[in-house]
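Trainee: Supplied in structure tokens, the structure appears directly below.
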Amino acid sequence: MRRRWFAFALVVGALAFVAAGCGGGDDGGGGDATGNEDVTGEISVMAIWAGEEQAGFEAVAAGFMELYPNVTVKYTSGGDNLAPLLSTAVEGGNPPDLAAIGQPGLMADFAEQEAIQPIDELRDSVVDGFGESVADVGVVDGTQYGILFKGANKSTIWYNVASFEEAGVEPPEDWEGLKAAAETIKAAGLTPYSVGVDVGWPMSDLFENIYIRSAGVEMYDQLTRHEIPWTDQSVKDALTIMADVVGDPANMAGGTDGALETEMPASVAKVFTDSPEAAMVIIGDFAPAQGEFTLEPETGYNVFTFPSIEGSEPAVVGGGDLFVQFKDSPAADAFLEYLTTAEAAEIWAERGGFSSPNKNLDVAVYPDEVTRVTAGALGEAEVFRFDMSDLQPSAFGGTPGAGLFKHFTDFVANPDDIDGITQKMEADAAKAFG
């Protein structure tokens, strides 16, 4: 049964969008285009992006229209209401031609409804551009439906450069080194971590990074699909490792109570300042976008890769936006193929605020060294896995105050109750997966 998150006003808004045929965007054109002038038509696109992100995507669309001067791309921002707007448009039989969505589970729902088109003919181009691991994020039941064009690297740890220098520590490469650095930081009179439990998802991200490194990729996939229970010893082992960070109140700015009351942006602000409350914050590559900070990248704050655990191979846990096709047309096909190219990614990458998983993109185009490190890791990743919570049924993996978000919050509050918490996780997972 599909969930209805929207009120009547949203329905009216969605119908207005359909009637308008996705307003906005550039009309393209130009007689010196190098693309196929036989491809004609108008493409309507929806995504969450607004503001600078919308400007970045519209620049990508403008690049396409230079290559295809007889095609017009019109973009509409759905904002945070994108999912219900798309669902409404599908129900009304008038979805946009293309959309970029951030939840593979929603993509799978649309595929099950036969609302989106298979794009198996682009599989080779997707693999050539992004590698098999990233390409597979867009696969449902063996069929390619999506292209992960815009990515997010969640396997990053940010640090205050002055705090590390004061404590005399360097960015560690393995978990034992991270634990040692935290102890040295405490011995220097500083607090190692700023932890923002928020509604629970930052703790889910931390667990996922630990789990893929401690249990391995195969078990990560099995747990994602609930082929092994949340009471499995591998989950308990990962939570035990996670307690190295959140199990000791002295490790966290404000202690346990402070962590439980801190939202993610505030956790970043406690590190990205001249008077830091903590030396590190474990959060994705979007950390610098969480506020207006006086510290400069590299000299004031910097980043290192989530460390290896017991010799684990490199892996990136991340998120991103998947392009899917609701309506088939030569113009929409050409646009999707364009999105598999490094040239399309480069347009947005050089503007900033964008990370591409395209392995053919030259990281030199990113505007600063920190972004070259975090975004470059996406393109270089041999192993990429989408955020596990985003792949779960939303009642279990994506609802504040319920499911995984609640249980990881409870774990921070009571890290000694691993058996009890994993039992509750498994009970909720069994309900969600039916």
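Identifiers in the structure tokens: chain A, B, ... in order shown; residue index from 1 per chain; ligand index from 1 in order shown.
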Any chance you could list, as a PyMOL selection string, the residues in region 24-161 of chain A that come up helix (DSSP H, G or I) when DSSP is run on the backbone?
Mentor: chain A and resi 51-67+79-91+104-112+120-130+132-138+161
Trainee: Each residue of region 280-379 of chain A with at least one atom at most 12 Å from region 54-64 of chain A should appear once, together with its nearest atom pair and the corresponding distance in Å (one decimal); atoms considered: only C-alpha atoms; ordering: chain, then increasing residue number; output as JSON lines.
Mentor:
```
{"residue": "A:Asp321", "atom": "CA", "partner": "A:Phe57", "partner_atom": "CA", "distance": 11.8}
{"residue": "A:Ala331", "atom": "CA", "partner": "A:Phe64", "partner_atom": "CA", "distance": 10.4}
{"residue": "A:Ala332", "atom": "CA", "partner": "A:Phe64", "partner_atom": "CA", "distance": 11.1}
{"residue": "A:Ala334", "atom": "CA", "partner": "A:Phe64", "partner_atom": "CA", "distance": 8.9}
{"residue": "A:Phe335", "atom": "CA", "partner": "A:Phe64", "partner_atom": "CA", "distance": 7.0}
{"residue": "A:Leu336", "atom": "CA", "partner": "A:Phe64", "partner_atom": "CA", "distance": 10.1}
{"residue": "A:Glu337", "atom": "CA", "partner": "A:Phe64", "partner_atom": "CA", "distance": 10.3}
{"residue": "A:Tyr338", "atom": "CA", "partner": "A:Phe64", "partner_atom": "CA", "distance": 7.1}
{"residue": "A:Leu339", "atom": "CA", "partner": "A:Val60", "partner_atom": "CA", "distance": 8.7}
{"residue": "A:Thr340", "atom": "CA", "partner": "A:Phe64", "partner_atom": "CA", "distance": 11.9}
{"residue": "A:Thr341", "atom": "CA", "partner": "A:Phe64", "partner_atom": "CA", "distance": 10.9}
{"residue": "A:Ala342", "atom": "CA", "partner": "A:Val60", "partner_atom": "CA", "distance": 11.2}
{"residue": "A:Glu343", "atom": "CA", "partner": "A:Gly63", "partner_atom": "CA", "distance": 8.8}
{"residue": "A:Ala344", "atom": "CA", "partner": "A:Val60", "partner_atom": "CA", "distance": 5.9}
{"residue": "A:Ala345", "atom": "CA", "partner": "A:Val60", "partner_atom": "CA", "distance": 7.6}
{"residue": "A:Glu346", "atom": "CA", "partner": "A:Val60", "partner_atom": "CA", "distance": 8.6}
{"residue": "A:Ile347", "atom": "CA", "partner": "A:Val60", "partner_atom": "CA", "distance": 5.8}
{"residue": "A:Trp348", "atom": "CA", "partner": "A:Gly56", "partner_atom": "CA", "distance": 5.2}
{"residue": "A:Ala349", "atom": "CA", "partner": "A:Gly56", "partner_atom": "CA", "distance": 8.5}
{"residue": "A:Glu350", "atom": "CA", "partner": "A:Gly56", "partner_atom": "CA", "distance": 9.6}
{"residue": "A:Arg351", "atom": "CA", "partner": "A:Gly56", "partner_atom": "CA", "distance": 7.0}
{"residue": "A:Gly352", "atom": "CA", "partner": "A:Gly56", "partner_atom": "CA", "distance": 8.4}
{"residue": "A:Gly353", "atom": "CA", "partner": "A:Gly56", "partner_atom": "CA", "distance": 8.4}
{"residue": "A:Phe354", "atom": "CA", "partner": "A:Gly56", "partner_atom": "CA", "distance": 8.3}
{"residue": "A:Ser355", "atom": "CA", "partner": "A:Gly56", "partner_atom": "CA", "distance": 11.6}
```
Trainee: What parts of region 210-343 of chain A does DSSP call strand (DSSP E or B)? I'd like the answer as a list in words.
Mentor: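 Residues of region 210-343 of chain A classed as strand (DSSP E or B): Met252, Met280, Val281, Ile282, Pro297, Tyr301, Asn302, Val303, Phe304, Thr305, Ser308, Val316, Val317, Gly318, Gly319, Gly320, Asp321, Leu322, Phe323, Val324 and Gln325 of chain A.
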Trainee: Compile the contact shell of region 277-286 of chain A as a VMD selection string: residues with an atom at most 7 Å away, counting only C-alpha atoms, same-chain residues fewer than 4 positions apart removed.
Mentor: chain A and resid 152 to 160 163 to 164 190 to 195 202 253 267 to 268 270 to 271 374
Trainee: Take the residues from that selection and write them out as a PDB file, in the first residue's frame, keeping C-alpha atoms.
Mentor:
```
ATOM      1  CA  ALA A 152      27.548  12.231  -1.831  1.00  0.00           C
ATOM      2  CA  ASN A 153      30.510  10.679  -0.061  1.00  0.00           C
ATOM      3  CA  LYS A 154      29.521   9.724   3.480  1.00  0.00           C
ATOM      4  CA  SER A 155      32.811   7.977   4.277  1.00  0.00           C
ATOM      5  CA  THR A 156      34.535  11.114   5.543  1.00  0.00           C
ATOM      6  CA  ILE A 157      35.754  12.440   8.893  1.00  0.00           C
ATOM      7  CA  TRP A 158      36.311  16.187   9.302  1.00  0.00           C
ATOM      8  CA  TYR A 159      38.762  17.721  11.743  1.00  0.00           C
ATOM      9  CA  ASN A 160      39.863  21.031  13.171  1.00  0.00           C
ATOM     10  CA  SER A 163      43.158  20.964  17.408  1.00  0.00           C
ATOM     11  CA  PHE A 164      45.094  18.205  15.669  1.00  0.00           C
ATOM     12  CA  LEU A 190      40.436  18.477  24.193  1.00  0.00           C
ATOM     13  CA  THR A 191      37.271  16.565  23.287  1.00  0.00           C
ATOM     14  CA  PRO A 192      37.701  14.132  20.381  1.00  0.00           C
ATOM     15  CA  TYR A 193      34.259  14.122  18.756  1.00  0.00           C
ATOM     16  CA  SER A 194      31.333  16.369  18.075  1.00  0.00           C
ATOM     17  CA  VAL A 195      28.376  14.015  17.726  1.00  0.00           C
ATOM     18  CA  PRO A 202      24.000  10.458  11.356  1.00  0.00           C
ATOM     19  CA  ALA A 253      31.161  17.412  23.173  1.00  0.00           C
ATOM     20  CA  SER A 267      27.717  19.187  15.281  1.00  0.00           C
ATOM     21  CA  VAL A 268      29.705  20.520  12.321  1.00  0.00           C
ATOM     22  CA  LYS A 270      31.345  22.810  16.930  1.00  0.00           C
ATOM     23  CA  VAL A 271      34.400  21.721  14.920  1.00  0.00           C
ATOM     24  CA  THR A 374      35.981  13.913  -1.038  1.00  0.00           C
TER      25      THR A 374
END
```
Trainee: Rank A:Lys359, A:Arg225, A:Lys424, A:Lys406 by their smallest atom-to-atom distance to Phe149 (chain A), using only C-alpha atoms, and report the top residue only.
Mentor: A:Lys359
Trainee: Please provide the set of residues having any atom within 8 Å of region 204-218 of chain A, restricted to only C-alpha atoms, with same-chain residues fewer than 5 positions apart removed, written as a PyMOL selection string.
Mentor: chain A and resi 154-155+234-235+237-239+241-242+282-283+306+308-310+312-313+315-317+387-389+404-405+408
Trainee: Could you check how far CA of Gln113 (chain A) sits from CA of Glu91 (chain A), in Å to one decimal?
Mentor: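 A separation of 10.3 Å between them.
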